[in-house]
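The file query_1.txt comes next; it holds compact mmCIF, C-alpha atoms.
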# COMPACT_ATOMS: atom_id res chain seq x y z
CA HIS A 1 14.67 3.93 -35.93
CA LEU A 2 13.69 7.57 -36.50
CA ALA A 3 12.91 7.97 -32.79
CA ARG A 4 16.25 6.41 -31.86
CA ARG A 5 18.16 8.82 -34.14
CA ARG A 6 16.36 11.84 -32.65
CA VAL A 7 17.41 10.88 -29.12
CA ALA A 8 20.95 10.25 -30.30
CA ARG A 9 21.05 13.80 -31.69
CA GLY A 10 19.80 15.17 -28.37
CA ARG A 11 16.26 15.88 -29.58
CA VAL A 12 13.12 14.53 -27.97
CA SER A 13 10.60 12.57 -29.97
CA ARG A 14 6.98 13.60 -30.34
CA VAL A 15 4.89 10.74 -28.98
CA ALA A 16 1.10 10.44 -29.06
CA VAL A 17 -0.71 7.91 -26.86
CA LEU A 18 -4.25 7.32 -28.12
CA THR A 19 -7.15 5.63 -26.36
CA GLY A 20 -10.81 5.27 -27.27
CA GLU A 21 -11.79 5.59 -23.59
CA VAL A 22 -12.70 8.71 -21.62
CA VAL A 23 -10.25 10.46 -19.32
CA GLY A 24 -11.79 11.96 -16.20
CA PRO A 25 -12.14 11.29 -12.49
CA ARG A 26 -13.32 7.74 -13.25
CA LEU A 27 -11.09 5.68 -15.53
CA ALA A 28 -11.44 2.32 -17.25
CA GLY A 29 -8.45 0.06 -17.91
CA PRO A 30 -7.41 1.30 -21.39
CA ALA A 31 -7.38 4.91 -20.18
CA ILE A 32 -5.41 3.98 -17.05
CA ARG A 33 -2.86 2.25 -19.26
CA ALA A 34 -2.61 5.17 -21.69
CA LEU A 35 -1.97 7.64 -18.85
CA ALA A 36 0.63 5.36 -17.26
CA MET A 37 2.47 5.16 -20.58
CA ALA A 38 2.28 8.94 -21.02
CA GLU A 39 3.57 9.49 -17.48
CA ALA A 40 6.60 7.26 -18.07
CA LEU A 41 7.36 8.51 -21.59
CA GLY A 42 6.89 12.16 -20.62
CA ALA A 43 10.19 12.13 -18.74
CA GLU A 44 12.05 11.71 -22.04
CA HIS A 45 9.75 12.83 -24.83
CA GLU A 46 7.14 15.39 -25.82
CA VAL A 47 3.95 13.42 -25.15
CA THR A 48 0.33 14.05 -26.02
CA VAL A 49 -2.59 11.89 -24.88
CA LEU A 50 -5.66 11.72 -27.11
CA ALA A 51 -8.82 10.30 -25.50
CA ALA A 52 -12.47 9.94 -26.44
CA SER A 53 -13.34 12.81 -24.10
CA VAL A 54 -11.48 14.75 -21.43
CA ALA A 55 -12.83 16.13 -18.15
CA ASP A 56 -10.74 17.19 -15.15
CA PRO A 57 -7.67 15.21 -16.32
CA PRO A 58 -4.86 14.32 -13.90
CA ASP A 59 -1.66 16.34 -13.93
CA GLY A 60 1.27 14.77 -15.71
CA PRO A 61 4.26 15.46 -17.97
CA TYR A 62 2.07 15.44 -21.08
CA ARG A 63 -0.59 17.36 -22.96
CA ILE A 64 -4.05 15.88 -23.21
CA GLU A 65 -6.89 16.56 -25.61
CA ALA A 66 -9.95 14.94 -27.11
CA LEU A 67 -9.78 12.67 -30.14
CA GLY A 68 -10.84 14.28 -33.39
CA ASP A 69 -9.73 14.73 -36.97
CA ALA A 70 -7.58 17.80 -36.27
CA ALA A 71 -5.97 16.28 -33.18
CA CYS A 72 -5.14 13.09 -35.07
CA GLU A 73 -3.67 15.12 -37.96
CA ARG A 74 -1.29 16.75 -35.48
CA ALA A 75 -0.45 13.42 -33.86
CA ALA A 76 0.23 11.83 -37.26
CA ALA A 77 2.92 14.45 -37.90
CA GLY A 78 4.88 13.21 -34.89
CA ASP A 79 7.42 10.44 -34.44
CA VAL A 80 5.63 7.71 -32.46
CA LEU A 81 1.95 6.72 -32.27
CA ILE A 82 0.82 4.28 -29.55
CA VAL A 83 -2.67 3.13 -30.48
CA GLN A 84 -5.34 0.85 -29.04
CA GLY A 85 -8.46 -0.74 -30.48
CA ASP A 86 -10.01 0.50 -33.72
CA LEU A 87 -8.43 3.96 -33.83
CA LEU A 88 -6.49 3.31 -37.05
CA ASP A 89 -9.78 2.47 -38.77
CA ARG A 90 -11.64 5.42 -37.25
CA TYR A 91 -8.87 7.91 -38.09
CA PRO A 92 -7.12 6.72 -41.29
CA VAL A 93 -4.67 9.62 -41.13
CA LEU A 94 -2.94 7.73 -38.31
CA ALA A 95 -2.39 4.66 -40.48
CA ARG A 96 -1.02 6.83 -43.30
CA SER A 97 1.45 8.54 -40.96
CA ALA A 98 5.21 8.11 -41.40
CA ALA A 99 5.50 7.77 -37.62
CA MET A 100 6.46 4.56 -35.89
CA VAL A 101 3.15 2.89 -34.96
CA VAL A 102 3.16 0.93 -31.71
CA ALA A 103 0.05 -1.28 -31.76
CA ASP A 104 -1.12 -2.02 -28.22
CA LEU A 105 -2.73 -5.48 -28.29
CA TYR A 106 -2.85 -6.15 -24.54
CA ASP A 107 -6.66 -6.40 -24.77
CA PRO A 108 -7.73 -9.06 -27.33
CA TYR A 109 -11.08 -7.37 -27.72
CA HIS A 110 -12.01 -9.29 -30.86
CA LEU A 111 -12.40 -12.30 -28.53
CA GLU A 112 -14.40 -10.22 -26.05
CA ALA A 113 -16.69 -9.24 -28.93
CA LEU A 114 -17.86 -12.85 -29.23
CA GLU A 115 -19.49 -12.51 -25.81
CA GLN A 116 -20.23 -8.81 -25.89
CA SER A 117 -22.34 -9.13 -29.04
CA ALA A 118 -24.20 -12.32 -28.04
CA HIS A 119 -27.44 -10.45 -27.31
CA LEU A 120 -27.54 -8.76 -30.75
CA PRO A 121 -29.62 -9.93 -33.74
CA GLY A 122 -27.68 -12.20 -36.09
CA ALA A 123 -26.75 -9.70 -38.80
CA ARG A 124 -25.76 -7.00 -36.34
CA ARG A 125 -23.74 -9.46 -34.28
CA ARG A 126 -21.84 -10.63 -37.36
CA ALA A 127 -21.11 -7.03 -38.32
CA THR A 128 -19.86 -6.21 -34.79
CA ILE A 129 -17.53 -9.20 -34.71
CA ALA A 130 -16.32 -8.51 -38.26
CA ALA A 131 -15.52 -4.90 -37.35
CA SER A 132 -13.44 -5.92 -34.35
CA VAL A 133 -11.56 -8.54 -36.37
CA ALA A 134 -10.95 -5.99 -39.14
CA ALA A 135 -9.60 -3.46 -36.63
CA ILE A 136 -7.16 -6.05 -35.28
CA GLY A 137 -6.19 -6.79 -38.88
CA THR A 138 -5.42 -3.12 -39.49
CA LEU A 139 -3.18 -3.01 -36.42
CA LEU A 140 -1.35 -6.17 -37.53
CA ALA A 141 -0.84 -4.80 -41.03
CA ARG A 142 0.29 -1.27 -40.10
CA GLY A 143 2.02 -1.64 -36.76
CA ASP A 144 5.81 -1.41 -36.60
CA VAL A 145 6.02 -2.73 -33.04
CA PHE A 146 3.38 -4.66 -31.08
CA LEU A 147 2.63 -4.78 -27.37
CA GLY A 148 1.12 -7.86 -25.73
CA ALA A 149 0.60 -8.89 -22.13
CA GLY A 150 2.95 -11.89 -22.35
CA GLY A 151 2.14 -15.35 -21.01
CA HIS A 152 -0.39 -17.32 -23.05
CA GLN A 153 -1.20 -14.16 -24.96
CA ARG A 154 2.21 -14.10 -26.62
CA ASP A 155 1.35 -17.26 -28.55
CA LEU A 156 -1.94 -15.72 -29.69
CA TRP A 157 -0.23 -12.67 -31.14
CA VAL A 158 2.71 -14.56 -32.66
CA GLY A 159 0.17 -16.70 -34.49
CA ALA A 160 -1.78 -13.66 -35.62
CA LEU A 161 1.36 -11.86 -36.78
CA ALA A 162 2.54 -14.94 -38.66
CA ALA A 163 -0.83 -15.29 -40.40
CA ALA A 164 -0.68 -11.60 -41.35
CA GLY A 165 2.75 -12.05 -42.96
CA ARG A 166 4.55 -10.00 -40.32
CA VAL A 167 6.82 -12.87 -39.27
CA ASN A 168 9.08 -12.77 -42.31
CA GLU A 169 12.74 -12.71 -43.29
CA PHE A 170 13.10 -9.09 -42.17
CA THR A 171 11.47 -9.30 -38.74
CA TYR A 172 13.07 -12.68 -38.13
CA ALA A 173 16.53 -11.32 -39.00
CA ASP A 174 15.93 -8.38 -36.66
CA SER A 175 15.16 -10.71 -33.74
CA PRO A 176 14.78 -14.49 -34.27
CA ASP A 177 12.80 -14.70 -31.03
CA LEU A 178 10.60 -11.80 -32.30
CA SER A 179 11.45 -9.84 -29.15
CA ARG A 180 11.81 -6.61 -31.14
CA LEU A 181 8.58 -7.13 -33.06
CA LEU A 182 6.36 -8.18 -30.13
CA LEU A 183 7.12 -6.66 -26.71
CA ASP A 184 5.73 -8.12 -23.49
CA VAL A 185 4.17 -5.12 -21.76
CA PRO A 186 1.38 -6.24 -19.41
CA PHE A 187 -0.79 -3.96 -17.29
CA GLY A 188 0.84 -2.51 -14.18
CA ILE A 189 0.30 -0.94 -10.79
CA ALA A 190 1.50 2.30 -9.25
CA ALA A 191 4.84 2.29 -7.45
CA ALA A 192 3.38 4.29 -4.57
CA ALA A 193 1.33 2.25 -2.10
CA PRO A 194 -2.41 2.92 -1.79
CA VAL A 195 -3.38 5.55 0.77
CA ALA A 196 -6.14 5.14 3.33
CA ALA A 197 -8.80 7.84 3.61
CA ASP A 198 -9.11 10.09 6.64
CA ALA A 199 -12.55 8.57 7.27
CA ALA A 200 -14.12 5.24 6.36
CA VAL A 201 -15.44 4.94 2.81
CA LEU A 202 -17.23 1.59 3.12
CA ARG A 203 -17.48 0.24 6.67
CA GLY A 204 -20.23 2.00 8.54
CA VAL A 205 -20.86 4.13 5.43
CA GLU A 206 -22.46 1.73 2.98
CA PRO A 207 -25.63 0.22 4.49
CA GLY A 208 -25.12 -3.22 6.01
CA ILE A 209 -21.31 -3.20 6.03
CA GLY A 210 -19.96 -3.47 9.55
CA ALA A 211 -16.53 -3.05 11.05
CA ASP A 212 -15.99 -6.80 11.55
CA ASP A 213 -17.52 -8.13 8.34
CA LEU A 214 -15.43 -10.08 5.83
CA LEU A 215 -15.56 -7.53 3.03
CA LEU A 216 -15.26 -8.83 -0.54
CA TRP A 217 -14.34 -6.44 -3.35
CA TRP A 218 -15.35 -6.96 -7.01
CA GLY A 219 -13.20 -4.36 -8.78
CA GLY A 220 -14.03 -3.02 -12.23
CA GLY A 221 -17.08 -3.45 -14.39
CA ILE A 222 -19.37 -6.37 -15.14
CA HIS A 223 -19.06 -7.49 -18.74
CA PRO A 224 -20.62 -10.49 -20.50
CA TRP A 225 -17.52 -12.67 -20.19
CA PHE A 226 -17.52 -12.34 -16.40
CA ASP A 227 -19.53 -14.48 -13.99
CA PRO A 228 -20.79 -12.40 -11.06
CA THR A 229 -23.49 -15.02 -10.41
CA THR A 230 -20.97 -17.46 -8.91
CA VAL A 231 -19.64 -14.80 -6.53
CA ILE A 232 -23.13 -13.62 -5.57
CA ASP A 233 -24.38 -17.15 -4.96
CA ALA A 234 -21.29 -18.04 -2.89
CA THR A 235 -21.75 -14.89 -0.81
CA ALA A 236 -25.44 -15.67 -0.28
CA ARG A 237 -24.56 -19.22 0.78
CA LEU A 238 -22.17 -17.96 3.49
CA VAL A 239 -24.63 -15.34 4.70
CA ALA A 240 -27.31 -18.04 4.98
CA GLU A 241 -24.90 -19.90 7.28
CA GLY A 242 -24.87 -16.84 9.53
CA LEU A 243 -21.35 -15.74 8.55
CA PRO A 244 -20.52 -12.01 8.46
CA VAL A 245 -19.69 -11.71 4.74
CA ARG A 246 -20.46 -8.70 2.54
CA LEU A 247 -19.79 -8.13 -1.15
CA VAL A 248 -19.16 -4.75 -2.82
CA VAL A 249 -19.40 -4.54 -6.61
CA ALA A 250 -17.33 -1.49 -7.43
CA GLY A 251 -18.03 -0.84 -11.10
CA ALA A 252 -21.75 -1.16 -11.73
CA ARG A 253 -21.79 1.76 -14.18
CA HIS A 254 -18.96 2.19 -16.71
CA PRO A 255 -17.46 5.71 -16.92
CA ASN A 256 -17.82 5.69 -20.71
CA PRO A 257 -21.39 6.90 -21.35
CA ASP A 258 -21.49 4.73 -24.47
CA VAL A 259 -21.29 1.70 -22.15
CA GLY A 260 -22.96 2.83 -18.90
CA GLU A 261 -24.66 0.06 -16.97
CA THR A 262 -24.29 -3.13 -18.98
CA ALA A 263 -26.92 -5.82 -19.40
CA ALA A 264 -24.59 -8.09 -17.41
CA ALA A 265 -24.60 -5.60 -14.52
CA ARG A 266 -28.40 -5.45 -14.56
CA ALA A 267 -28.53 -9.25 -14.55
CA ALA A 268 -26.23 -9.27 -11.50
CA ARG A 269 -28.64 -6.99 -9.64
CA GLU A 270 -31.47 -9.34 -10.54
CA GLN A 271 -29.48 -12.30 -9.25
CA VAL A 272 -28.97 -10.56 -5.90
CA ARG A 273 -32.72 -10.12 -5.59
CA ALA A 274 -33.39 -13.70 -6.70
CA VAL A 275 -31.24 -15.17 -3.91
CA GLY A 276 -32.42 -12.67 -1.31
CA ALA A 277 -28.96 -11.16 -0.75
CA GLU A 278 -29.94 -7.48 -0.93
CA ASP A 279 -28.57 -6.83 2.56
CA ALA A 280 -25.24 -8.49 1.80
CA VAL A 281 -24.38 -7.04 -1.64
CA ARG A 282 -23.77 -3.37 -2.45
CA PHE A 283 -23.40 -1.94 -5.96
CA LEU A 284 -21.32 1.21 -6.42
CA ASP A 285 -20.93 3.37 -9.48
CA TRP A 286 -17.37 3.46 -10.76
CA VAL A 287 -14.99 4.43 -7.94
CA PRO A 288 -12.93 7.61 -8.58
CA PHE A 289 -9.44 6.68 -9.72
CA ALA A 290 -7.63 9.01 -7.32
CA THR A 291 -9.29 7.54 -4.21
CA ARG A 292 -9.59 3.88 -5.21
CA GLY A 293 -6.77 2.87 -2.84
CA ALA A 294 -8.84 3.79 0.21
CA TYR A 295 -11.57 1.38 -0.88
CA LEU A 296 -9.11 -1.44 -1.48
CA LEU A 297 -7.53 -1.01 1.94
CA GLU A 298 -10.92 -1.39 3.64
CA ALA A 299 -11.61 -4.63 1.80
CA ASP A 300 -10.42 -8.05 3.02
CA VAL A 301 -10.52 -10.19 -0.13
CA MET A 302 -10.51 -9.34 -3.84
CA VAL A 303 -12.95 -11.45 -5.88
CA SER A 304 -13.54 -12.05 -9.57
CA ALA A 305 -15.08 -14.81 -11.67
CA HIS A 306 -15.39 -15.52 -15.35
CA ARG A 307 -16.83 -18.22 -17.56
CA ASP A 308 -14.83 -20.87 -19.40
CA HIS A 309 -14.31 -19.65 -22.96
CA VAL A 310 -11.52 -18.70 -25.34
CA GLU A 311 -11.21 -15.15 -23.99
CA THR A 312 -10.28 -16.57 -20.59
CA ARG A 313 -6.99 -18.11 -21.72
CA TYR A 314 -5.73 -15.04 -23.55
CA SER A 315 -6.96 -12.29 -21.26
CA TYR A 316 -4.88 -10.41 -18.73
CA ARG A 317 -7.22 -9.82 -15.78
CA THR A 318 -6.02 -6.34 -14.88
CA ARG A 319 -8.42 -6.08 -11.92
CA LEU A 320 -6.52 -8.87 -10.18
CA LEU A 321 -3.60 -6.47 -9.79
CA ASP A 322 -5.60 -4.59 -7.14
CA GLY A 323 -4.88 -7.34 -4.64
CA LEU A 324 -1.14 -7.10 -5.24
CA TRP A 325 -1.15 -3.32 -4.95
CA ALA A 326 -3.14 -3.33 -1.70
CA GLY A 327 -1.55 -6.48 -0.23
CA ARG A 328 -4.84 -8.37 -0.15
CA PRO A 329 -5.64 -12.00 -1.03
CA THR A 330 -7.65 -12.84 -4.12
CA VAL A 331 -10.28 -15.51 -4.73
CA ALA A 332 -11.09 -15.82 -8.43
CA THR A 333 -11.68 -18.19 -11.29
CA GLY A 334 -8.41 -19.70 -12.49
CA GLY A 335 -7.19 -20.28 -16.02
CA ASP A 336 -5.68 -16.91 -16.88
CA VAL A 337 -1.97 -16.32 -16.44
CA LEU A 338 -2.24 -13.70 -13.68
CA MET A 339 -4.61 -15.62 -11.39
CA ASP A 340 -2.58 -18.77 -11.83
CA ALA A 341 0.53 -16.85 -10.71
CA ILE A 342 -1.32 -15.40 -7.71
CA ALA A 343 -2.49 -18.85 -6.62
CA ALA A 344 0.96 -20.39 -7.12
CA ALA A 345 2.49 -17.72 -4.88
CA GLY A 346 -0.01 -18.38 -2.09
CA ALA A 347 -1.57 -14.94 -2.58
CA GLY A 348 -5.04 -16.32 -3.24
CA ILE A 349 -7.14 -19.29 -4.27
CA ALA A 350 -8.10 -20.16 -7.84
CA VAL A 351 -11.51 -21.79 -8.34
CA ALA A 352 -12.91 -23.72 -11.29
CA PRO A 353 -15.39 -21.86 -13.51
CA GLY A 354 -18.94 -21.90 -12.14
CA ASP A 355 -17.99 -23.74 -8.93
CA VAL A 356 -20.20 -22.01 -6.35
CA ALA A 357 -19.36 -24.48 -3.58
CA GLY A 358 -15.63 -24.18 -4.28
CA PHE A 359 -15.86 -20.39 -4.29
CA ALA A 360 -17.76 -20.41 -1.00
CA ASP A 361 -15.15 -22.73 0.55
CA ALA A 362 -12.32 -20.44 -0.60
CA LEU A 363 -14.06 -17.42 0.91
CA ARG A 364 -14.78 -19.33 4.12
CA ALA A 365 -11.06 -20.06 4.47
CA HIS A 366 -10.37 -16.33 4.49
CA LEU A 367 -12.59 -15.76 7.49
CA ASP A 368 -9.43 -16.71 9.39
CA ALA A 369 -7.35 -13.57 9.99
CA ASP A 370 -4.03 -15.45 9.91
CA THR A 371 -4.88 -16.91 6.50
CA ARG A 372 -5.62 -13.43 5.18
CA THR A 373 -2.39 -12.06 6.63
CA ARG A 374 -0.23 -14.76 5.04
CA ALA A 375 -1.91 -14.41 1.66
CA GLY A 376 -1.72 -10.62 1.86
CA ARG A 377 2.02 -10.74 2.47
CA ALA A 378 2.45 -13.04 -0.51
CA ALA A 379 0.41 -10.62 -2.63
CA ALA A 380 2.55 -7.66 -1.57
CA ALA A 381 5.70 -9.63 -2.40
CA LEU A 382 4.46 -10.03 -5.99
CA ALA A 383 3.70 -6.35 -6.41
CA ASP A 384 7.16 -5.01 -7.28
CA ALA A 385 7.46 -7.04 -10.48
CA HIS A 386 4.14 -5.60 -11.68
CA ARG A 387 4.86 -1.90 -11.11
CA TRP A 388 4.38 0.33 -14.14
CA ASP A 389 8.04 1.40 -14.07
CA GLU A 390 8.99 -2.27 -14.45
CA VAL A 391 6.47 -3.46 -17.04
CA LEU A 392 6.94 -0.40 -19.28
CA ARG A 393 10.72 -0.84 -19.63
CA PRO A 394 10.49 -2.49 -23.10
CA LEU A 395 8.27 0.32 -24.41
CA LEU A 396 10.59 3.02 -23.09
CA ALA A 397 13.59 1.30 -24.68
CA CYS A 398 11.73 1.02 -27.97
CA CYS A 399 10.79 4.72 -28.01
CA ARG A 400 14.37 5.72 -27.23
Translate the structure of the given file into structure tokens.
Amino acid sequence: HLARRRVARGRVSRVAVLTGEVVGPRLAGPAIRALAMAEALGAEHEVTVLAASVADPPDGPYRIEALGDAACERAAAGDVLIVQGDLLDRYPVLARSAAMVVADLYDPYHLEALEQSAHLPGARRRATIAASVAAIGTLLARGDVFLGAGGHQRDLWVGALAAAGRVNEFTYADSPDLSRLLLDVPFGIAAAAPVAADAAVLRGVEPGIGADDLLLWWGGGIHPWFDPTTVIDATARLVAEGLPVRLVVAGARHPNPDVGETAAARAAREQVRAVGAEDAVRFLDWVPFATRGAYLLEADVMVSAHRDHVETRYSYRTRLLDGLWAGRPTVATGGDVLMDAIAAAGAGIAVAPGDVAGFADALRAHLDADTRTRAGRAAAALADAHRWDEVLRPLLACCR
């Protein structure tokens, strides 16, 4: 309400977008999202981005600086705080602020923590899970407005908000459908189409990748809830049949040095060796954000796989948006709302969790150029509805 009054009086609001990820040439999903929000909001407001660390940041209509006590003090004196993850717990001054707090819940990371902590000793695992649940609890208690990815996830967050006492006579009176309390703001893609590089970045550059190979692209990192083994085994099966199939894993090393190469990524490398697919699978460090489009345009099929667990239903597989942006088909495990929509539109094929034979069959179908063309057109047709300028409309209206 304060932000709305400021705009009505002709004054801009001071908005801070905070992320616990690094901002630099290589960006992970939460940082990409924070910058997209700042870009959109910067046209109307005075925007500052706070990130875990900052190196060679992109230009935009916003200021950007590293997270810290002093920076958070300044942000807390503003009008709107858009926060992710555990930042309210790490910087209590934010929670004490009189600003409108927009709690970004698009990533249900307390469910990811169940898998991410599985390798830890019992006491440490319990503490890790408890900390993530507590951080979500802080967001639910302090947030004025909440952002979710929509779909199945909306039910998760309505349930959580109800359990936290935030679905009450006041919020219900404000919007009986809770549309002013919980906004559907999924991840998005750039409005501008990806741009090809002046020279090849994969074919004829990476060893073993030829001009006529069916090139598979695993975008993003390898985390414990994913299943690269199914994709690797399916690729190895097709190569053993003499088919020209190559797999590129694009995010073997996370840009956040606190994450780096995950145990799951190391296990994927071991699986490649175990099935003798070293010549067919290439691992890249995180691809630079500014040039990622050139890599996507050289690929033929986007691939992803995950295991069957609770995180699957409530996730929003942001990496699947790459196929829409580049107009490429996707073969991935089904069960999440985005992949199910891609499959329903004919823009890809959804496969059951752990189904190596089914994954191989889906890839084999895309050896046919006409099949790839039809699916690619369907993917491109879905892209407009997922552009950042579309998905961020509810947030922009809220901040006005």
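In this comparison, which uses all atoms listed in the file, the residue of A:Gln153, A:Ser175, A:Asn168, A:Ser117 approaching A:His223 most closely is A:Ser117.
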Could I get the residues of stretch 81-186 of chain A with an atom no further than 9 Å from an atom of stretch 335-353 of chain A, each paired with its nearest atom pair and that distance in Å to one decimal, using all atoms listed in the file, sorted by chain and residue number, as a tab-separated table?
residue	atom	partner	partner_atom	distance
A:Gly150	CA	A:Val337	CA	8.9
A:Gly151	CA	A:Val337	CA	6.2
A:His152	CA	A:Val337	CA	6.9
A:Gln153	CA	A:Val337	CA	8.8
Problem set entry | Between atom CA of A:Glu46 and atom CA of A:Ser13, distance in Å (one decimal) | 6.1 Å
Exercise. Atom CA of A:Thr138 to atom CA of A:Val102: how many Å, to one decimal?
Worked result: 12.3 Å
Exercise. Could you pull the residues within 9 Å of stretch 306-311 of chain A, counting only C-alpha atoms, minus those fewer than 3 positions along the same chain, as an NGL selection string?
Worked result: :A and (108-109 or 111-112 or 114-115 or 224-228 or 230 or 314-315 or 332-335 or 352-354)
Exercise. When distances are computed from all atoms listed in the file, which of A:His45, A:Arg282, A:Arg377, A:His386 shows the smallest separation from A:Ala250?
Worked result: A:Arg282
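The list of residues with at least one atom within 12 Å of A:Ala192, based on only C-alpha atoms and without residues fewer than 4 positions apart in the same chain, reads Gly293, Trp325, Ala326, Ala383, Asp384, Arg387, Trp388 and Asp389 of chain A.
Shortest separation to A:Val83 among A:Ala199, A:Val23, A:Leu18, A:Ala131 occurs at residue A:Leu18, atoms counted being all atoms listed in the file.
Interatomic distance, atom CA of A:Asp322 to atom CA of A:Leu182: 26.2 Å.
The residue that comes closest to A:Pro255, out of A:Val47, A:Ala160, A:Leu382, A:Val287 and on the basis of all atoms listed in the file, is A:Val287.
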Kindly compute an axis-aligned box around the listed atoms of stretch 387-390 of chain A, allowing 4 Å on each side, and express its centre and edge lengths in Å to one decimal as JSON.
{"center_x": 6.7, "center_y": -0.4, "center_z": -12.8, "size_x": 12.6, "size_y": 11.7, "size_z": 11.3}
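Candidate residues A:Ala164, A:Val133, A:Leu297, A:Cys398 were compared for distance to A:Arg203, and the nearest is A:Leu297, using all atoms listed in the file.
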Exercise. Contacts of A:Gly137 at 12 Å or less, counting only C-alpha atoms, minus same-chain residues fewer than 4 places along, as a list in words?
Worked result: Gly85, Asp86, Leu88, Asp89, Ala103, Leu105, Pro108, His110, Ala130, Ala131, Ser132, Val133, Ala141, Arg142, Gly143, Trp157, Ala160, Leu161, Ala162, Ala163, Ala164, Gly165 and Arg166 of chain A
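Minimum distance to A:Arg273 across A:Gly20, A:Gly204, A:Thr229, A:Thr291 (counting only C-alpha atoms) occurs at A:Thr229.
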Spatial neighbours of A:Tyr91, 10 Å, only C-alpha atoms, chain gap at least 2 places, as a short mmCIF file (atom, residue, chain, number, x, y, z; two decimals) with C-alpha atoms, in the frame of the given file:
data_model
loop_
_atom_site.label_atom_id
_atom_site.label_comp_id
_atom_site.auth_asym_id
_atom_site.auth_seq_id
_atom_site.Cartn_x
_atom_site.Cartn_y
_atom_site.Cartn_z
CA LEU A 67 -9.78 12.67 -30.14
CA GLY A 68 -10.84 14.28 -33.39
CA ASP A 69 -9.73 14.73 -36.97
CA CYS A 72 -5.14 13.09 -35.07
CA GLU A 73 -3.67 15.12 -37.96
CA ALA A 76 0.23 11.83 -37.26
CA ASP A 86 -10.01 0.50 -33.72
CA LEU A 87 -8.43 3.96 -33.83
CA LEU A 88 -6.49 3.31 -37.05
CA ASP A 89 -9.78 2.47 -38.77
CA VAL A 93 -4.67 9.62 -41.13
CA LEU A 94 -2.94 7.73 -38.31
CA ALA A 95 -2.39 4.66 -40.48
CA ARG A 96 -1.02 6.83 -43.30
#
